[in-house]
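Asker: Below are the structure tokens for one structure; questions will follow.
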Amino acid sequence: MDTVTELRNKYQSGEVTPSAVVTSVLKTIKEKDVDINAFLDVYDDAITEAKIADELYQKGEAADKPLLGIPVALKNNILIKGKKVTGASKILENYTAVYDATIVKKLKAAGAIIVGATNLDEFAMGGSTENSAFGPTKNPLDTKRVPGGSSGGSAAAVAMGAVPVAIGTDTGGSIRQPASYCGVVGFKPTYGAVSRYGLMAMGSSLDQAGPLTNTVADAELVHNVMAGLDNLDGTTITDDTYPSLPTKDKYTFGVPRNFLAEGVDSDVLETFEQHLADLKAAGHEIKEIDLPLFAKGLAAYYIVMPAEVSSNLARYDGIRYGLSEEGDDLLGVYENTRAEGFGKEVKRRILLGTHVLSSGYYDAYYGKAELARKKMREELATVFKEVDFIVTPTAPTPAFKIGENEDPLSMYAQDIFTVPVNLTGVPALSFPMGNVEREEKSLPVGVQYIGPHGGDARLFEIGKIIYDVRKKLD
Amino acid sequence: MLAPMKREDIEHLASLARIKLSEAEKGSLEKELSSIVDYVSVVSDIAGNEADTTPVVGVRHNVFRADEITNEPDQYTEDIIAEMPSSDGRWLKVKKILKTE
């Protein structure tokens with residue numbers, strides 16, 4: 001699949017038209033997705049929009065639309081008017097969105113053509129896309145394995161060559177971890193950089209939407225279209241909320257070695273060491289750093305996130321929209337609807353969240369977890385005085401096999417390097433750093449660069465230098 | 001370290017969360033929640049003032065808008081009514097809340 005920039009150049013020169021590309025995208029999805037199940041819905045009417053894009057290119061009116069004619073897939077927890085948006089949950093199986101999310105409005109205004117909705121773990125809860133009520137997505141690089149999650153459908157859609165861009169959401173690693181497992185680029189912006197209006201809320205203080213693409217340059221282009229202040233989301237920020245960071249020729253990368261000592265597959269660690277060696281060879285400095293609180297991030301995350309989940313998912317009660325099951329009284333309707341509509345992991349997290357917020361436990365869990373976030377943020381601020389980026393593997397292992405991680409805690413451990421980023425609200429970029437072999441299959445593993453608040457642009461700059469340039473040479 | 005969750009704890013949480021659970025679900029949740037709660041308890045090692053729980057992530061600001069109607073009358077009404085599980089004309093139908101005895 002061409003990159004966004006390549007496609008745009010071809011559209012502009014008239015070498016291909018958006019409608020030809022969209023036609024072939026729809027065909028590719030229909031052929032390949034039988035085995036992968038990356039898509040929950042494909043929008044055949046995309047072709048109508050593509051024809052409008054054809055005309056605009058012909059008339060030379062494409063300048064103010066940076067994504068004109070670019071096919072984009074959308075994770076199915078992002079509202080798009082008039083289409084089914086299910087969150088991969090039975091409770092919203094027949095729900096049709098009545099408005100566009102702010103990011104969808106912006107993508108459409110930039111000329112992007114939304115070609116379909118991608119699969120996810122139910123309400124974005126999971127790290128493998130096995131929790132979808134509509135069947136798991138398979139990893140296009142090895143269909144015995146998961147694509148990661150929760151934006152597994154989006155990562156697989158890009159990895160299988162169906163689309164150049166898919167949008168995901170990231171609450172604890174849900175863009176970056178699937179990007180790592182599927183060998184694509186994934187970006188989690190600074191908290192507040194992108195509006196959450198029209199996203200199905202999971203952990204409101206953690207959620208951010210971002211792109212999954214083939215190159216860092218494409219991720220930057222798409223992120224810049226989606227980002228910006230939104231009156232419908234009071235947590236959105238402007239360009240000057242955080243101090244701007246000048247780009248440099250050489251950067252200092254901090255490596256939290258203590259944090260990497262346990263639980264990382266040895267060949268993933270070797271690939272990571274090679275990546276560090278390459279950075280050094282390119283003239284960057286590698287510095288060892290200590291992040292003692294980051295190791296506790298996962299524990300704090302599994303308090304804060306379910307607490308927010310239990311509040312946010314209270315709205316699905318069978319009254320105003322979605323599934324509604326009969327009951328003897330109103331309470332019966334609530335209880336039966338939620339029993340029938342929610343899957344196992346969602347119920348688990350709602351109950352866990354209800355527990356940590358309940359009277360008598362609130363201070364010990366939620367209070368402590370919020371305090372942990374604050375201390376982690378302080379720890380991070382100190383570290384960022386000495387280094388420009390923190391670098392870790394994105395996940396401790398390559399993609400695992402479908403059904404392999406039955407135990408919730410071992411599934412949660414996949415997010416060890418990604419959740420501290422959401423807890424502290426900083427931006428992070430994941431891109432492939434190499435491959436490891438499992439059962440004679442070569443599987444990609446990602447590296448994660450973490451920047452300080454507002455360091456989004458700098459992450460794109462370094463990502464383009466380190467990844468895009470190398471990718472072009474390969 | 002902590003007392004594991006008991007069956008009645010799970011039942012209490014389920015009733016607070018408005019989810020009816022099967023016996024099998026209660027059994028597995030009892031085990032799973034116990035081990036997760038045990039795992040997350042390491043946050044209690046973090047020293048500090050428990051009352052200090054001001055939100056730390058993100059910058060929050062009030063958003064003021066002019067007090068004026070921004071949509072056409074009935075612009076969304078039909079679409080929203082169409083999503084209602086049970087409706088009567090322009091009314092949303094729900095079960096009786098108060099018992100008349």
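In the structure tokens, chains take the letters A, B, ... in the order shown, each chain's residues start at 1, and ligands count up from 1 in the order shown.
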Can you pull out every residue within 9 Å of region 138-150 of chain A, counting only C-alpha atoms, but drop anything in the same chain fewer than 3 positions away, and send it as a compact mmCIF listing (two decimals) with N, CA and C atoms, in the first residue's frame?

Answerer:
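Printed below is part-v3.txt as written:
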# COMPACT_ATOMS: atom_id res chain seq x y z
N ASP A 35 -10.38 -13.94 6.26
CA ASP A 35 -9.47 -14.64 7.17
C ASP A 35 -9.05 -13.81 8.38
N ILE A 36 -9.10 -12.49 8.25
CA ILE A 36 -8.52 -11.63 9.30
C ILE A 36 -9.57 -11.08 10.27
N ASN A 37 -10.74 -10.71 9.75
CA ASN A 37 -11.81 -10.12 10.58
C ASN A 37 -11.37 -8.80 11.23
N ALA A 38 -10.67 -7.99 10.45
CA ALA A 38 -10.26 -6.68 10.96
C ALA A 38 -11.42 -5.69 10.92
N ASN A 119 -12.52 -3.69 14.04
CA ASN A 119 -12.81 -4.49 15.23
C ASN A 119 -11.94 -4.06 16.41
N LEU A 120 -12.39 -4.39 17.59
CA LEU A 120 -11.68 -4.00 18.82
C LEU A 120 -12.10 -4.93 19.95
N ASP A 121 -11.37 -4.91 21.05
CA ASP A 121 -11.85 -5.53 22.26
C ASP A 121 -13.06 -4.73 22.72
N GLU A 122 -14.05 -5.42 23.24
CA GLU A 122 -15.30 -4.76 23.64
C GLU A 122 -15.03 -3.48 24.44
N PHE A 123 -15.56 -2.36 23.96
CA PHE A 123 -15.37 -1.04 24.56
C PHE A 123 -13.89 -0.73 24.83
N ALA A 124 -13.03 -1.27 23.98
CA ALA A 124 -11.58 -1.03 24.04
C ALA A 124 -10.92 -1.63 25.27
N MET A 125 -11.54 -2.68 25.84
CA MET A 125 -10.97 -3.29 27.03
C MET A 125 -10.32 -4.62 26.69
N GLY A 126 -9.00 -4.57 26.53
CA GLY A 126 -8.27 -5.79 26.25
C GLY A 126 -7.03 -5.48 25.45
N GLY A 127 -6.18 -6.48 25.31
CA GLY A 127 -4.92 -6.28 24.60
C GLY A 127 -4.75 -7.28 23.47
N SER A 128 -5.86 -7.80 22.93
CA SER A 128 -5.71 -8.84 21.91
C SER A 128 -6.82 -8.85 20.87
N THR A 129 -7.87 -8.06 21.06
CA THR A 129 -9.06 -8.06 20.22
C THR A 129 -9.83 -9.38 20.30
N GLU A 130 -9.44 -10.24 21.26
CA GLU A 130 -10.22 -11.47 21.48
C GLU A 130 -11.51 -11.19 22.23
N ASN A 131 -11.59 -10.02 22.89
CA ASN A 131 -12.80 -9.69 23.66
C ASN A 131 -13.90 -9.08 22.82
N GLY A 153 -8.12 -4.35 15.24
CA GLY A 153 -8.67 -4.28 13.89
C GLY A 153 -7.99 -3.19 13.08
N ALA A 155 -4.91 -1.94 13.54
CA ALA A 155 -3.53 -2.33 13.23
C ALA A 155 -3.51 -3.38 12.12
N ALA A 156 -4.42 -4.34 12.19
CA ALA A 156 -4.48 -5.39 11.17
C ALA A 156 -4.88 -4.82 9.82
N ALA A 157 -5.79 -3.83 9.83
CA ALA A 157 -6.24 -3.23 8.56
C ALA A 157 -5.07 -2.59 7.82
N ALA A 159 -1.77 -3.39 8.45
CA ALA A 159 -0.77 -4.44 8.20
C ALA A 159 -1.15 -5.34 7.02
N MET A 160 -2.45 -5.55 6.80
CA MET A 160 -2.85 -6.41 5.68
C MET A 160 -2.87 -5.64 4.36
N GLY A 168 -7.17 4.68 15.82
CA GLY A 168 -7.38 3.86 17.01
C GLY A 168 -7.59 4.75 18.21
N THR A 169 -7.83 4.13 19.36
CA THR A 169 -7.85 4.87 20.62
C THR A 169 -6.93 4.15 21.58
N ASP A 170 -6.33 4.93 22.49
CA ASP A 170 -5.30 4.39 23.37
C ASP A 170 -5.59 4.84 24.81
N GLY A 173 -2.37 1.68 26.07
CA GLY A 173 -1.44 1.09 25.10
C GLY A 173 -2.16 0.56 23.87
N SER A 174 -3.44 0.86 23.78
CA SER A 174 -4.30 0.24 22.77
C SER A 174 -4.03 0.66 21.33
N ILE A 175 -3.19 1.66 21.10
CA ILE A 175 -2.71 1.95 19.75
C ILE A 175 -1.31 1.36 19.58
N ARG A 176 -0.45 1.60 20.59
CA ARG A 176 0.97 1.25 20.46
C ARG A 176 1.22 -0.26 20.48
N GLN A 177 0.56 -0.99 21.38
CA GLN A 177 0.82 -2.43 21.46
C GLN A 177 0.38 -3.17 20.20
N PRO A 178 -0.83 -2.93 19.65
CA PRO A 178 -1.15 -3.57 18.37
C PRO A 178 -0.25 -3.11 17.23
N ALA A 179 0.20 -1.85 17.27
CA ALA A 179 1.15 -1.39 16.24
C ALA A 179 2.41 -2.24 16.31
N SER A 180 2.88 -2.52 17.53
CA SER A 180 4.07 -3.35 17.73
C SER A 180 3.84 -4.77 17.20
N TYR A 181 2.71 -5.36 17.53
CA TYR A 181 2.41 -6.74 17.13
C TYR A 181 2.21 -6.89 15.62
N CYS A 182 1.76 -5.82 14.96
CA CYS A 182 1.45 -5.91 13.53
C CYS A 182 2.50 -5.25 12.65
N GLY A 183 3.56 -4.69 13.26
CA GLY A 183 4.63 -4.11 12.47
C GLY A 183 4.27 -2.80 11.80
N ALA A 399 3.62 -10.73 19.22
CA ALA A 399 2.22 -11.17 19.26
C ALA A 399 2.13 -12.60 19.82
N PHE A 400 1.21 -12.80 20.73
CA PHE A 400 1.02 -14.15 21.28
C PHE A 400 -0.10 -14.86 20.54
N LYS A 401 -0.26 -16.16 20.87
CA LYS A 401 -1.25 -16.94 20.12
C LYS A 401 -2.66 -16.69 20.64
N ILE A 402 -3.61 -16.81 19.75
CA ILE A 402 -5.01 -16.65 20.13
C ILE A 402 -5.33 -17.70 21.21
N GLY A 403 -5.89 -17.25 22.31
CA GLY A 403 -6.25 -18.15 23.41
C GLY A 403 -5.14 -18.42 24.41
N LYS A 441 8.17 -18.36 12.27
CA LYS A 441 7.59 -17.14 11.71
C LYS A 441 8.38 -15.95 12.24
N SER A 442 8.62 -15.00 11.34
CA SER A 442 9.31 -13.79 11.75
C SER A 442 8.25 -12.76 12.19
N LEU A 443 8.31 -12.35 13.45
CA LEU A 443 7.29 -11.45 13.98
C LEU A 443 7.91 -10.10 14.37
N PRO A 444 7.20 -9.02 14.06
CA PRO A 444 7.75 -7.69 14.36
C PRO A 444 7.65 -7.36 15.85

Asker: Could you please select, counting only C-alpha atoms, the residues of chain A within 8 Å of chain B and state them as JSON, numbers by chain?

Answerer: {"A": [95, 96, 98, 191, 192, 205, 231, 234, 235, 236, 237, 296, 298, 299, 300, 302, 303, 310, 314, 318, 319, 320, 321, 322, 323, 324, 329, 330, 331, 334, 335, 336, 337, 338, 339, 347, 348, 350, 351, 352, 354, 355, 363, 364, 365, 367, 368, 369, 370, 371, 372, 373, 374, 377, 408, 409, 423, 424, 425]}

Asker: Check the smallest atom-to-atom distance from each of A:Ile167, A:Leu199, A:Leu26, A:Ile114 to Asn77 (chain A) using only C-alpha atoms, then report the winner.

Answerer: A:Leu199

Asker: Set the distance at 9 Å and use only C-alpha atoms: which residues neighbour Ile462 (chain A) once local chain neighbours fewer than 5 positions away are removed? I'd like the list as a PyMOL selection string.

Answerer: chain A and resi 247+251+457+467

Asker: CA of Ser430 (chain A) and CA of Lys250 (chain A) are how many Å apart?

Answerer: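 Distance reported for this atom pair: 19.6 Å.
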
Asker: Region 44-225 of chain A: which residues are strand (DSSP E) by DSSP, as a list in words?

Answerer: Pro71, Val72, Ala73, Leu74, Lys75, Ile113, Ile114, Val115, Gly116, Ala117, Thr118, Val165, Ala166, Ile167, Gly168, Thr169, Asp170, Val185, Gly186, Phe187, Lys188, Gln208, Ala209, Gly210, Pro211, Leu212 and Thr213 of chain A

Asker: Between CA of Gly454 (chain A) and CA of Ala201 (chain A), what distance in Å does the model show, to one decimal?

Answerer: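 Value for the CA of Gly454 (chain A)-CA of Ala201 (chain A) distance: 22.7 Å.
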
Asker: Neighbouring residues of Glu30 (chain B) were defined as those with any atom within 7 Å, considering only C-alpha atoms; residues of the same chain fewer than 6 positions away were excluded. Please report them as a PyMOL selection string.

Answerer: chain B and resi 5-7+10

Asker: Which residues are near Leu232 (chain A)? Cut-off 10 Å, only C-alpha atoms, ignore same chain within fewer than 5 positions. Put them as a list in words.

Answerer: Ala101, Thr102, Ser195, Arg196, Tyr197 and Gly198 of chain A; Val63 and Arg65 of chain B

Asker: Given the selection you just returned, output its residues as a file containing all heavy atoms, formatted as a tab-separated table (two decimals), in the first residue's frame.

Answerer:
chain	number	residue	atom	x	y	z
A	101	ALA	N	-18.14	12.19	15.68
A	101	ALA	CA	-17.12	12.60	16.63
A	101	ALA	C	-16.36	13.78	16.04
A	101	ALA	O	-16.28	13.91	14.81
A	101	ALA	CB	-16.15	11.45	16.90
A	102	THR	N	-15.80	14.62	16.90
A	102	THR	CA	-15.03	15.77	16.39
A	102	THR	C	-13.93	15.32	15.44
A	102	THR	O	-13.73	15.92	14.37
A	102	THR	CB	-14.42	16.57	17.56
A	102	THR	OG1	-15.49	17.11	18.34
A	102	THR	CG2	-13.55	17.69	17.06
A	195	SER	N	-9.43	15.89	20.57
A	195	SER	CA	-10.74	15.89	21.23
A	195	SER	C	-11.28	14.47	21.42
A	195	SER	O	-11.16	13.62	20.54
A	195	SER	CB	-11.73	16.68	20.38
A	195	SER	OG	-13.05	16.46	20.84
A	196	ARG	N	-11.87	14.24	22.59
A	196	ARG	CA	-12.50	12.94	22.85
A	196	ARG	C	-14.00	12.99	22.57
A	196	ARG	O	-14.69	12.00	22.81
A	196	ARG	CB	-12.26	12.54	24.32
A	196	ARG	CG	-10.80	12.19	24.60
A	196	ARG	CD	-10.57	11.89	26.07
A	196	ARG	NE	-10.79	13.08	26.88
A	196	ARG	CZ	-11.81	13.26	27.72
A	196	ARG	NH1	-12.71	12.31	27.88
A	196	ARG	NH2	-11.94	14.37	28.40
A	197	TYR	N	-14.52	14.09	22.07
A	197	TYR	CA	-15.95	14.20	21.82
A	197	TYR	C	-16.37	13.20	20.74
A	197	TYR	O	-15.83	13.22	19.63
A	197	TYR	CB	-16.30	15.62	21.40
A	197	TYR	CG	-17.77	15.83	21.15
A	197	TYR	CD1	-18.67	15.87	22.21
A	197	TYR	CD2	-18.27	15.97	19.86
A	197	TYR	CE1	-20.03	16.04	21.99
A	197	TYR	CE2	-19.62	16.15	19.63
A	197	TYR	CZ	-20.50	16.18	20.69
A	197	TYR	OH	-21.85	16.35	20.46
A	198	GLY	N	-17.30	12.32	21.10
A	198	GLY	CA	-17.75	11.32	20.15
A	198	GLY	C	-16.98	10.01	20.20
A	198	GLY	O	-17.22	9.11	19.41
B	63	VAL	N	-15.43	25.68	29.74
B	63	VAL	CA	-15.72	26.11	28.38
B	63	VAL	C	-17.05	26.84	28.41
B	63	VAL	O	-18.06	26.26	28.80
B	63	VAL	CB	-15.79	24.90	27.43
B	63	VAL	CG1	-16.14	25.37	26.03
B	63	VAL	CG2	-14.48	24.15	27.43
B	65	ARG	N	-20.00	28.88	26.46
B	65	ARG	CA	-20.60	29.12	25.14
B	65	ARG	C	-21.75	30.11	25.32
B	65	ARG	O	-22.34	30.18	26.39
B	65	ARG	CB	-21.16	27.82	24.58
B	65	ARG	CG	-20.15	26.91	23.97
B	65	ARG	CD	-20.84	25.79	23.19
B	65	ARG	NE	-21.57	24.88	24.05
B	65	ARG	CZ	-21.05	23.79	24.59
B	65	ARG	NH1	-19.80	23.47	24.35
B	65	ARG	NH2	-21.77	23.00	25.34

Asker: Do a neighbour search on Pro66 (chain A) at 9 Å with only C-alpha atoms, toss out local chain neighbours closer than 2 positions, and write the hits as number ranges by chain.

Answerer: A: 8, 62-64, 68, 70, 110-112, 221-222, 225

Asker: Quick one: residues within 9 Å of Phe187 (chain A), only C-alpha atoms counted, chain neighbours fewer than 5 positions away excluded, as a PyMOL selection string?

Answerer: chain A and resi 170+175-176+179+209-213+216+219-220+223+427-431

Asker: Counting only C-alpha atoms, figure out which residue out of A:Gly228, A:Pro136, A:Pro164, A:Pro393 gets nearest to Thr3 (chain A).

Answerer: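 Of the candidates, the smallest distance to Thr3 (chain A) is held by A:Pro164.
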
Asker: Report as number ranges by chain: the residues of region 117-338 of chain A with a DSSP assignment of alpha helix (DSSP H), based on the backbone of this structure.

Answerer: A: 152-159, 176-182, 216-226, 257-260, 266-281, 297-312, 330-338

Asker: CA of Gln58 (chain A) to CA of Val42 (chain A): how many Å, to one decimal?

Answerer: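 Answer for the CA of Gln58 (chain A) to CA of Val42 (chain A) separation: 26.8 Å.
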
Asker: Restricting the calculation to only C-alpha atoms: of A:Pro243, A:Leu107, A:Lys27, A:Tyr449, which residue gets closest to Val421 (chain A)?

Answerer: A:Tyr449
